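S.K.: Below is a structure I'd like to ask you about.
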Amino acid sequence: MDMPAIVLIGAQWGDEGKGKVTDVLGGQVGYVVRYQGGNNAGHTVITPDGEKYALHLLPSGVLTPGCTPVIGNGVVIDPKVLIAEIDGLAERGVSCDRLLISADAHLIMPHHRALDRVVERYLGSARIGTTGRGIGPAYGDKVARVGIRVQDLLDPGILHKKLEMVLREKNQVLAKVYNRKAIDVRAVVEEYLGYAERLRPYIADTRLILARALENGETVLLEGAQATLLDVDHGTYPFVTSSNPTAGGACVGSGIPPTRISQVIGVIKAYTTRVGAGPFPTELFDDNGAHLAKVGVEFGTTTGRPRRCGWFDAVVGRYAVRVNGITDLVVTKLDVLSGLAKVPICVGYEVDGQRVDEMPMTQTAFHHAAPVYEELEGWSEDIAKARSFSDLPLNAQRYVLRIEELCGARVSVVGVGPGREENVLRYPLL
Ligand code: IMP
């Protein structure tokens with residue numbers, strides 16, 4: 001029987017805790033595919049034996065016995081980082097033998113990292129606040145058709161030729177515009193051919209393998225990195241990442257057709273956080289914000305930067321449900337709100353004196369959006385032990401139900417603590 005593919009995405013600005021879903025799905029998934037982004041992502045997975053792993057590039061499936069992790073064509077790969085991640089896991093006894101890397105994925109090259117940092121510096125106060133990993137420049141080159149792909153590692157002649165061509169321009173830019181050192185073609189080719197030897201066993205036609213897997217009745221989980229509002233098309237452009245984390249990106253970034261996708265799981269934090277620059281209507285600068293940052297331990301997994309914190313924004317939630325076709329919401333970190341007297345939810349915005357209920361059409365309007373809040377009563381109980389919905393204090397139940405109503409998708413799971421078992425299950429995810 002043909003099996004469906006399931007997409008897992010972040011519904012806000014990232015760091016919603018997508019690892020929770022991987023925990024809930026456990027061993028029920030045969031393949032976990034990353035379809036976009038690169039080592040700008042970061043998620044922490046805690047395995048059943050209590051081991052904690054911070055992954056940046058590898059799909060979380062690498063930690064699930066019997067699961068095949070796949071890096072799809074839509075990902076940009078920094079091979080040095082990938083190899084370090086593979087070696088780091090091997091040291092801890094985790095094998096990456098099953099890992100598959102798409103031959104069509106693009107590589108992050110030294111000039112991408114150099115340009116990411118120097119361009120940000122030149123942008124000054126207009127900077128995006130990127131992770132500095134070369135993500136944007138790598139995707140830029142992909143679209144400009146001067147990118148270098150994983151398969152080029154298998155052909156030293158081509159690798160040299162392509163790099164020489166692209167560095168002819170980039171070195172001019174680095175040296176003449178940004179006053180940086182030019183990059184040596186030979187040294188980079190040599191470095192990358194070393195990576196080629198290490199990565200060769202994993203390189204595959206992942207598009208074909210995934211099609212066969214679905215035909216054979218395997219369940220495929222397409223795991224998004226970053227999130228809806230960081231999508232280069234649907235997010236708060238230009239304060240976005242350079243790929244498509246939304247559900248549509250899962251098809252493009254893996255080669256799995258849209259007709260195969262039967263379910264989209266949206267992970268949404270019980271409040272809102274954002275790293276990097278850009279508009280954020282419900283951002284808090286008071287004690288409540290400090291509470292969320294402290295209790296929620298809101299520091300970036302990849303860069304360690306403190307995250308900006310604010311109340312739950314149902315306009316954003318509703319937008320994410322619409323753009324991704326979310327069938328199930330997973331509300332994470334509800335426990336972080338315990339102890340607050342009031343838990344406001346943003347239900348709309350006021351933009352230049354006008355009330356709006358949906359995401360404004362223009363970025364200028366979104367910059368002017370002031371949140372309109374509905375104040376819900378808080379709860380003080382510790383909810384970490386709740387496993388069924390009725391275990392939650394009534395006010396916490398009301399909060400979740402209001403999120404469900406305002407966003408327009410059922411809440412299937414509620415995270416009540418960092419541990420993998422610390423979830424309230426309302427509806428089965430598979
Ligand atoms: P880039 O992806 O490094 O180009 O950064 C672009 C924007 O996306 C910046 O605001 C980053 O902080 C943000 N970003 C990138 N990856 C993540 C993530 O995994 N979580 C949250 N924000 C991210």
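Residue numbers start at 1 in each chain; chains themselves are named A, B, ... in the order of the structure tokens; ligands are numbered from 1 in the order shown.
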Using only C-alpha atoms and all ligand atoms, which residues have at least one atom no more than 9 Å from ligand 1? Output them as a ChimeraX atom specification.
M.R.: /A:13-16,37-43,56,116,128-137,225-227,230-231,238-243,273-278,300-303,305,307
S.K.: Skip segment 168-176 of chain A itself and residues of its chain fewer than 3 positions away, then list as a list in words all residues within 12 Å of it, counting only C-alpha atoms.
M.R.: Met109, Pro110, His111, His112, Arg113, Ala114, Leu115, Asp116, Arg117, Val118, Val119, Pro137, Asp141, Val146, Lys161, Lys162, Leu163, Glu164, Met165, Asn179, Arg180, Lys181, Ala182, Ile183, Asp184 and Val185 of chain A
S.K.: Could you pull out the strand (DSSP E) residues of segment 121-364 of chain A, going by DSSP on the backbone, and write them as a PyMOL selection string?
M.R.: chain A and resi 203-204+220-223+261-269+272-274+308-310+312-313+328-332+342-351+354-356
S.K.: With distances taken over only C-alpha atoms, which residue among A:Glu358, A:Val189, A:Gly224, A:Glu350 lies nearest Ala250 of chain A?
M.R.: A:Gly224
S.K.: Using atom CA of Val347 of chain A and atom CA of Met359 of chain A as the two end points, give the distance in Å to one decimal.
M.R.: 11.1 Å
